[in-house]
Structures are given as C-alpha cells and as structure tokens.
Amino acid sequence: MERTAKPRVFVTRRLPEPAMAILHEHCAVSLWDQVENPIPSDELLRGVATVEGLLCLITDRIDSEVVVAAPHLRAVSIMAVGYDNIDRAALAARGITLTNTPDVLTETTADLAWALLLAAARRVVEGQKMIERGEWGPWYPLQMVGQDIYGRVLGVVGAGRIGQAVLQRGRGFAMQLRYHNRRRNPTLEAEIGAEYRTLDDLLSESDVVVVTAPLTAETRGMFGAAQFARMKPTAIFVNVARGPLVREDELVAALRAGRPWAAGLDVFEREPIGPDHPLLTVPNVVLTPHVGSATVTTRLRMATLAAENLVAVLYGRPTPHIVRSE
C-alpha cells in the first residue's frame, strides 16, 4: 500500500455505498471485495498486516492470531451489536479500541422476535406447507388450532435494549410481562410493569419465552433439557439472540416430546444450517436465516454507523459506541 496521510483501514466485506463513501473520504481503504462470501482466514491475516483500522462483521473471527498479524492496529469496528466473535482480551492487551452498532437494530430485531412468536403460535409455516402439499381438506373444529397470545404471559430472558423492546410490544397484546436478567431493572419494572423472575420461575410461568441475552461464558448452553422441561406444554420458545445459548439437540428432543409446544429460531449453534438439519423434521418450528436486523433501513444504518465509529476512533473523535470492559 502507498504511504498516505490518511489512516489505513481494511474492510472484511463490501458494504453499502454510503458506508464505503465515509471510509474512502477519511481513510485509505482496502477490502475483501465480496458481497456474499466471507473472507478466508489467510486473506484476513494479509489484509490487516499494515492497517490501523479494521471494520469487520459478526461472521469474522477476530482472534489473537489476527491481532498479532496487525502490529499497527488501533481500532476494530464491528457491524453488529454482539461481539462474541472477537477476542476482547487480545484487543485490550494491545490497547485496541472496539466499537459496535447498538440501538439501530433494536426495534427491527424485536419485530422479528414477534414475527417468529406469532408465526409459531398460529402455525403459519405448517399451514402453508399443508396447502403446498395439497392437504387442505374440509374444515373441522380442531383443524390447525394454535395458541392464543393476547392476554397471556410473556417472559423475556435478557432485558437489554432488544429485550425491553420485545416486552414493550407485549403491552399491545395485554400480556403479563416477566423478565430475567443478570441484574434487576427497577426502571423497566416501573415504566412498563414487567416483573422480575428467576429463570426457573420465568420458564414455568410463561406462555411465551423470548431469548435476547448476550452470548457469554455464563450463558452458553443455558437452555437445555432441564430448562425445556420446566416450560408449559403449550409454551412457545423464541431465540433471536445467539444460537449457542441453546443446546439444539436437546431442543429437538424436547419439541418432539411436546414441551415446549413450538419454537421460532433466527439463530443456530452453527451457521448456516442445511436442509438436513434435525430442526426441520419437527412440525411446529419456524426458522429464519439469522435475519434479525435485515431491513434496508437498519442494515444501511448499521453499516454507516460502523464506518463512522471507525473514523471517529482513528481521528481521536468521541463516539458513544466504544465497547467498555465490564
């Protein structure tokens, strides 16, 4: 790369043009010039060798090997809220700043949680498949019956921004609101009437359980056979957080045993999944391919915010989106 007064940055995927324009205006940019295909690890290591800034996606593993390969790196900006793909300790040891893109995808992801919730409750996917197979026959009283949502109990695990937005939507359905979180949130309780519960109590009380918790060492695998056994046989389980929070083989077994009654999942232990995944053999499961933030407006804002974050750190400007050590 030619020497330049602008800081050098590497981008692991071509972003929407407004975001690329921000980067080109302020930085000397190199990138993995693909839209759909993730960057191979060897290309990533070469790409970061001389740069001061890195803009990456949730699909990129930024581990200690990447940090060692980037001796000039000062800032990493991820186009995501979560950052469990990044070795934060390796960044901290070098004094490298990490930024993310919170807030902009909160409402969009909460919308998807409700889409999965309602589709599972009313067996939307099952119904379409029945029509496609030509099996829609004469009406009878218990044909394709689902579960009511209005007035039932909504339990949210993880009361961050997205979890709060999911709970807020529950008020429109006159639901009784429950939440479980690492810390109690008196403001949430006062403003929307959500009641704190232990995880076990929330699972046993709720008609719908929505997971929005972050993936950490403590939360990995937190939903397994014991947790599903505590749920109602009419309950619906929704995960829009991270796949590894759930032990998928135990969820499949629980669904086949009838507890929970249905599930809606946007995230999986290993992504992408294929058409032979066991979850696709369970009738009342609604699956989407990790599209929680996938609207035009939200993805564009995420990309531009990630670019703005990177530029701000490299130029010593303030940004509220620095990921702080806990």
# chains A, B, ... in the order shown; residues from 1 in each chain; ligands from 1
>>> select_by_dssp(residues="segment 69-277 of chain A", states="helix (DSSP H, G or I)", output="VMD selection string")
chain A and resid 88 to 94 106 to 121 124 to 132 161 to 171 186 to 192 199 to 205 225 to 230 243 to 245 248 to 257
>>> residues_around(residues="Cys56 of chain A", least_positions_apart="5", cutoff="9 Å", atoms="only C-alpha atoms", output="ChimeraX atom specification")
/A:10-13,61-62,76-80,306
>>> write_last_selection(atoms="all heavy atoms", output="mmCIF file, in the first residue's frame")
data_model
loop_
_atom_site.group_PDB
_atom_site.id
_atom_site.type_symbol
_atom_site.label_atom_id
_atom_site.label_comp_id
_atom_site.auth_asym_id
_atom_site.auth_seq_id
_atom_site.Cartn_x
_atom_site.Cartn_y
_atom_site.Cartn_z
ATOM 1 N N PHE A 10 -8.848 -1.750 6.772
ATOM 2 C CA PHE A 10 -9.237 -2.930 5.997
ATOM 3 C C PHE A 10 -10.682 -3.264 6.342
ATOM 4 O O PHE A 10 -11.079 -3.247 7.508
ATOM 5 C CB PHE A 10 -8.336 -4.123 6.320
ATOM 6 C CG PHE A 10 -8.618 -5.327 5.454
ATOM 7 C CD1 PHE A 10 -8.265 -5.349 4.119
ATOM 8 C CD2 PHE A 10 -9.258 -6.449 5.986
ATOM 9 C CE1 PHE A 10 -8.529 -6.449 3.315
ATOM 10 C CE2 PHE A 10 -9.529 -7.552 5.192
ATOM 11 C CZ PHE A 10 -9.160 -7.540 3.848
ATOM 12 N N VAL A 11 -11.474 -3.569 5.309
ATOM 13 C CA VAL A 11 -12.887 -3.900 5.458
ATOM 14 C C VAL A 11 -13.086 -5.332 4.980
ATOM 15 O O VAL A 11 -12.665 -5.688 3.877
ATOM 16 C CB VAL A 11 -13.774 -2.937 4.641
ATOM 17 C CG1 VAL A 11 -15.249 -3.218 4.893
ATOM 18 C CG2 VAL A 11 -13.427 -1.488 4.971
ATOM 19 N N THR A 12 -13.729 -6.160 5.811
ATOM 20 C CA THR A 12 -13.808 -7.589 5.507
ATOM 21 C C THR A 12 -14.930 -7.977 4.546
ATOM 22 O O THR A 12 -15.055 -9.146 4.196
ATOM 23 C CB THR A 12 -13.973 -8.412 6.798
ATOM 24 O OG1 THR A 12 -15.210 -8.050 7.421
ATOM 25 C CG2 THR A 12 -12.816 -8.174 7.752
ATOM 26 N N ARG A 13 -15.754 -7.016 4.119
ATOM 27 C CA ARG A 13 -16.789 -7.270 3.121
ATOM 28 C C ARG A 13 -17.219 -5.937 2.530
ATOM 29 O O ARG A 13 -17.233 -4.926 3.225
ATOM 30 C CB ARG A 13 -18.003 -7.952 3.765
ATOM 31 C CG ARG A 13 -18.926 -8.700 2.805
ATOM 32 C CD ARG A 13 -18.418 -10.122 2.549
ATOM 33 N NE ARG A 13 -18.308 -10.899 3.758
ATOM 34 C CZ ARG A 13 -19.298 -11.640 4.272
ATOM 35 N NH1 ARG A 13 -20.455 -11.705 3.658
ATOM 36 N NH2 ARG A 13 -19.107 -12.339 5.377
ATOM 37 N N ARG A 61 -13.892 -14.113 12.491
ATOM 38 C CA ARG A 61 -13.276 -14.458 13.769
ATOM 39 C C ARG A 61 -12.040 -13.585 13.962
ATOM 40 O O ARG A 61 -11.033 -13.749 13.277
ATOM 41 C CB ARG A 61 -12.899 -15.940 13.798
ATOM 42 C CG ARG A 61 -12.277 -16.399 15.110
ATOM 43 C CD ARG A 61 -13.276 -16.287 16.245
ATOM 44 N NE ARG A 61 -12.676 -16.575 17.545
ATOM 45 C CZ ARG A 61 -13.267 -16.314 18.702
ATOM 46 N NH1 ARG A 61 -14.460 -15.764 18.724
ATOM 47 N NH2 ARG A 61 -12.660 -16.588 19.837
ATOM 48 N N ILE A 62 -12.127 -12.651 14.907
ATOM 49 C CA ILE A 62 -11.007 -11.752 15.199
ATOM 50 C C ILE A 62 -10.366 -12.244 16.489
ATOM 51 O O ILE A 62 -10.739 -11.854 17.600
ATOM 52 C CB ILE A 62 -11.480 -10.295 15.327
ATOM 53 C CG1 ILE A 62 -12.355 -9.901 14.142
ATOM 54 C CG2 ILE A 62 -10.285 -9.369 15.455
ATOM 55 C CD1 ILE A 62 -11.692 -10.048 12.788
ATOM 56 N N VAL A 76 -10.939 -1.485 16.042
ATOM 57 C CA VAL A 76 -11.766 -2.500 15.386
ATOM 58 C C VAL A 76 -13.218 -2.054 15.519
ATOM 59 O O VAL A 76 -13.685 -1.794 16.633
ATOM 60 C CB VAL A 76 -11.586 -3.898 16.003
ATOM 61 C CG1 VAL A 76 -12.580 -4.894 15.385
ATOM 62 C CG2 VAL A 76 -10.153 -4.384 15.820
ATOM 63 N N SER A 77 -13.903 -1.972 14.394
ATOM 64 C CA SER A 77 -15.320 -1.610 14.386
ATOM 65 C C SER A 77 -16.102 -2.786 13.829
ATOM 66 O O SER A 77 -15.827 -3.257 12.721
ATOM 67 C CB SER A 77 -15.543 -0.371 13.507
ATOM 68 O OG SER A 77 -16.927 -0.088 13.393
ATOM 69 N N ILE A 78 -17.072 -3.278 14.593
ATOM 70 C CA ILE A 78 -17.878 -4.404 14.136
ATOM 71 C C ILE A 78 -19.268 -3.913 13.761
ATOM 72 O O ILE A 78 -19.890 -3.124 14.493
ATOM 73 C CB ILE A 78 -17.952 -5.541 15.183
ATOM 74 C CG1 ILE A 78 -18.745 -6.729 14.625
ATOM 75 C CG2 ILE A 78 -18.526 -5.056 16.499
ATOM 76 C CD1 ILE A 78 -18.653 -7.973 15.468
ATOM 77 N N MET A 79 -19.756 -4.358 12.620
ATOM 78 C CA MET A 79 -21.101 -4.012 12.156
ATOM 79 C C MET A 79 -22.081 -4.994 12.786
ATOM 80 O O MET A 79 -22.632 -5.873 12.140
ATOM 81 C CB MET A 79 -21.161 -4.065 10.625
ATOM 82 C CG MET A 79 -22.502 -3.664 10.042
ATOM 83 S SD MET A 79 -22.520 -3.825 8.244
ATOM 84 C CE MET A 79 -24.270 -4.139 7.979
ATOM 85 N N ALA A 80 -22.289 -4.833 14.085
ATOM 86 C CA ALA A 80 -23.152 -5.720 14.859
ATOM 87 C C ALA A 80 -23.262 -5.154 16.262
ATOM 88 O O ALA A 80 -22.469 -4.298 16.674
ATOM 89 C CB ALA A 80 -22.591 -7.137 14.904
ATOM 90 N N ALA A 306 -21.009 1.803 11.661
ATOM 91 C CA ALA A 306 -19.720 1.110 11.815
ATOM 92 C C ALA A 306 -18.599 1.916 11.177
ATOM 93 O O ALA A 306 -17.491 2.019 11.731
ATOM 94 C CB ALA A 306 -19.806 -0.283 11.203
#
>>> residues_around(residues="segment 21-38 of chain A", least_positions_apart="5", cutoff="12 Å", atoms="only C-alpha atoms", output="short mmCIF file (atom, residue, chain, number, x, y, z; two decimals) with C-alpha atoms, in the first residue's frame")
data_model
loop_
_atom_site.label_atom_id
_atom_site.label_comp_id
_atom_site.auth_asym_id
_atom_site.auth_seq_id
_atom_site.Cartn_x
_atom_site.Cartn_y
_atom_site.Cartn_z
CA MET A 1 0.00 0.00 0.00
CA GLU A 2 1.26 3.50 -0.80
CA ARG A 3 2.05 5.80 2.06
CA THR A 4 -0.70 8.30 2.75
CA ALA A 5 -1.69 10.87 5.36
CA LYS A 6 -4.98 9.07 5.79
CA PRO A 7 -5.15 6.13 8.23
CA ARG A 8 -5.17 2.78 6.52
CA VAL A 9 -8.13 0.51 7.10
CA PHE A 10 -9.24 -2.93 6.00
CA VAL A 11 -12.89 -3.90 5.46
CA THR A 12 -13.81 -7.59 5.51
CA ARG A 13 -16.79 -7.27 3.12
CA ARG A 14 -18.07 -4.68 0.66
CA LEU A 15 -20.59 -2.52 2.49
CA PRO A 16 -23.46 -0.40 1.13
CA GLU A 43 -6.81 -13.24 3.34
CA LEU A 44 -7.83 -11.63 6.62
CA LEU A 45 -4.34 -12.05 8.05
CA ARG A 46 -2.83 -10.47 4.94
CA GLY A 47 -5.39 -7.70 4.94
CA VAL A 48 -4.67 -6.49 8.47
CA ALA A 49 -0.88 -6.58 8.21
CA THR A 50 -0.34 -2.84 7.61
CA VAL A 51 -3.59 -1.20 8.70
CA GLU A 52 -4.57 0.93 11.66
CA GLY A 53 -8.28 0.18 11.48
CA LEU A 54 -10.42 -2.90 10.83
CA LEU A 55 -14.12 -2.97 10.00
CA CYS A 56 -15.49 -6.50 10.39
CA LEU A 57 -18.72 -8.48 10.54
CA ILE A 58 -20.11 -10.98 13.05
CA THR A 59 -19.02 -13.77 10.69
CA ASP A 60 -15.33 -12.85 11.03
CA ARG A 61 -13.28 -14.46 13.77
CA SER A 77 -15.32 -1.61 14.39
CA ALA A 303 -23.00 -0.07 8.00
CA THR A 304 -22.75 3.72 8.14
CA LEU A 305 -22.52 3.70 11.95
CA ALA A 306 -19.72 1.11 11.82
CA ALA A 307 -17.87 3.33 9.34
CA GLU A 308 -18.47 6.44 11.45
CA ASN A 309 -17.25 4.63 14.57
CA LEU A 310 -14.01 3.56 12.90
CA VAL A 311 -13.29 7.04 11.56
CA ALA A 312 -14.04 8.63 14.93
CA VAL A 313 -11.60 6.41 16.83
CA LEU A 314 -8.83 6.75 14.25
CA TYR A 315 -9.13 10.55 14.28
#
>>> closest_residue(among="A:Leu255, A:Ala241, A:Ala226, A:Val153", to="Val267 of chain A", atoms="only C-alpha atoms")
A:Ala241
>>> residues_around(residues="segment 286-293 of chain A", least_positions_apart="5", cutoff="8 Å", atoms="only C-alpha atoms", output="list in words")
Leu105, Thr108, Thr109, Ala110, Leu112, Ala113, Leu116, Ala119, Ala120, Val125, Val240, Ala263, Gly264, Leu265, Asp266, Val267, Pro272, Thr298 and Arg299 of chain A
>>> select_by_dssp(residues="segment 77-167 of chain A", states="strand (DSSP E)", output="NGL selection string")
:A and (77-78 or 97-99 or 153-157)
>>> write_last_selection(atoms="all heavy atoms", output="tab-separated table (two decimals), in the first residue's frame")
chain	number	residue	atom	x	y	z
A	77	SER	N	-13.90	-1.97	14.39
A	77	SER	CA	-15.32	-1.61	14.39
A	77	SER	C	-16.10	-2.79	13.83
A	77	SER	O	-15.83	-3.26	12.72
A	77	SER	CB	-15.54	-0.37	13.51
A	77	SER	OG	-16.93	-0.09	13.39
A	78	ILE	N	-17.07	-3.28	14.59
A	78	ILE	CA	-17.88	-4.40	14.14
A	78	ILE	C	-19.27	-3.91	13.76
A	78	ILE	O	-19.89	-3.12	14.49
A	78	ILE	CB	-17.95	-5.54	15.18
A	78	ILE	CG1	-18.74	-6.73	14.62
A	78	ILE	CG2	-18.53	-5.06	16.50
A	78	ILE	CD1	-18.65	-7.97	15.47
A	97	THR	N	-9.04	-0.24	20.46
A	97	THR	CA	-10.41	0.14	20.77
A	97	THR	C	-11.39	-0.67	19.94
A	97	THR	O	-11.20	-0.85	18.73
A	97	THR	CB	-10.63	1.63	20.49
A	97	THR	OG1	-9.73	2.40	21.30
A	97	THR	CG2	-12.07	2.05	20.79
A	98	LEU	N	-12.45	-1.15	20.58
A	98	LEU	CA	-13.51	-1.89	19.90
A	98	LEU	C	-14.80	-1.08	19.95
A	98	LEU	O	-15.18	-0.57	21.01
A	98	LEU	CB	-13.73	-3.25	20.57
A	98	LEU	CG	-14.93	-4.08	20.10
A	98	LEU	CD1	-14.76	-4.50	18.65
A	98	LEU	CD2	-15.11	-5.31	20.98
A	99	THR	N	-15.47	-0.96	18.80
A	99	THR	CA	-16.78	-0.30	18.75
A	99	THR	C	-17.80	-1.25	18.12
A	99	THR	O	-17.44	-2.15	17.36
A	99	THR	CB	-16.75	1.00	17.93
A	99	THR	OG1	-16.44	0.69	16.56
A	99	THR	CG2	-15.73	1.97	18.49
A	153	VAL	N	-48.89	-14.76	29.22
A	153	VAL	CA	-47.69	-14.35	29.94
A	153	VAL	C	-46.49	-14.39	29.00
A	153	VAL	O	-46.19	-15.44	28.41
A	153	VAL	CB	-47.43	-15.26	31.15
A	153	VAL	CG1	-46.16	-14.82	31.89
A	153	VAL	CG2	-48.62	-15.23	32.11
A	154	LEU	N	-45.81	-13.25	28.87
A	154	LEU	CA	-44.61	-13.12	28.05
A	154	LEU	C	-43.40	-13.04	28.96
A	154	LEU	O	-43.32	-12.14	29.81
A	154	LEU	CB	-44.70	-11.87	27.18
A	154	LEU	CG	-43.43	-11.46	26.43
A	154	LEU	CD1	-43.00	-12.53	25.43
A	154	LEU	CD2	-43.64	-10.12	25.72
A	155	GLY	N	-42.46	-13.96	28.80
A	155	GLY	CA	-41.22	-13.94	29.56
A	155	GLY	C	-40.04	-13.70	28.66
A	155	GLY	O	-39.86	-14.41	27.66
A	156	VAL	N	-39.22	-12.71	28.99
A	156	VAL	CA	-38.04	-12.37	28.20
A	156	VAL	C	-36.79	-12.63	29.02
A	156	VAL	O	-36.68	-12.17	30.17
A	156	VAL	CB	-38.10	-10.90	27.73
A	156	VAL	CG1	-36.77	-10.49	27.10
A	156	VAL	CG2	-39.24	-10.71	26.72
A	157	VAL	N	-35.86	-13.36	28.43
A	157	VAL	CA	-34.58	-13.65	29.09
A	157	VAL	C	-33.52	-12.77	28.47
A	157	VAL	O	-33.15	-12.95	27.31
A	157	VAL	CB	-34.21	-15.14	28.94
A	157	VAL	CG1	-32.88	-15.43	29.64
A	157	VAL	CG2	-35.32	-16.03	29.50
>>> atom_distance(atom1="atom CA of Val252 of chain A", atom2="atom CA of Asp201 of chain A")
22.4 Å
>>> closest_residue(among="A:Ser204, A:Asn181, A:Thr187, A:Thr234", to="Thr219 of chain A", atoms="only C-alpha atoms")
A:Asn181
>>> residues_around(residues="Val282 of chain A", least_positions_apart="6", cutoff="12 Å", atoms="only C-alpha atoms", output="list in words")
Val125, Glu126, Asp249, Leu251, Val252, Ala253, Ala254, Leu255, Arg256, Ala257, Gly258, Pro260, Trp261, Ala262, Ala263, Gly264 and Asp276 of chain A
>>> closest_residue(among="A:Val323, A:Val246, A:Val104, A:Ala69", to="Thr297 of chain A", atoms="only C-alpha atoms")
A:Val104
>>> closest_residue(among="A:His72, A:Arg178, A:Arg88, A:Arg123", to="Ser325 of chain A", atoms="only C-alpha atoms")
A:Arg88
>>> residues_around(residues="Glu191 of chain A", least_positions_apart="2", cutoff="12 Å", atoms="only C-alpha atoms", output="compact mmCIF listing (two decimals) with C-alpha atoms, in the first residue's frame")
# COMPACT_ATOMS: atom_id res chain seq x y z
CA GLN A 164 -37.11 -4.31 26.56
CA LEU A 167 -41.61 -6.59 26.30
CA GLN A 168 -42.92 -3.18 25.24
CA ARG A 171 -48.28 -4.40 26.24
CA LEU A 177 -44.79 -9.25 31.41
CA ASN A 185 -34.04 -3.27 36.27
CA PRO A 186 -36.26 -1.12 38.53
CA THR A 187 -36.82 1.39 35.71
CA LEU A 188 -38.16 -1.34 33.42
CA GLU A 189 -40.42 -2.58 36.20
CA GLY A 193 -44.86 -3.14 34.61
CA ALA A 194 -42.54 -6.06 33.87
CA GLU A 195 -41.93 -8.31 36.86
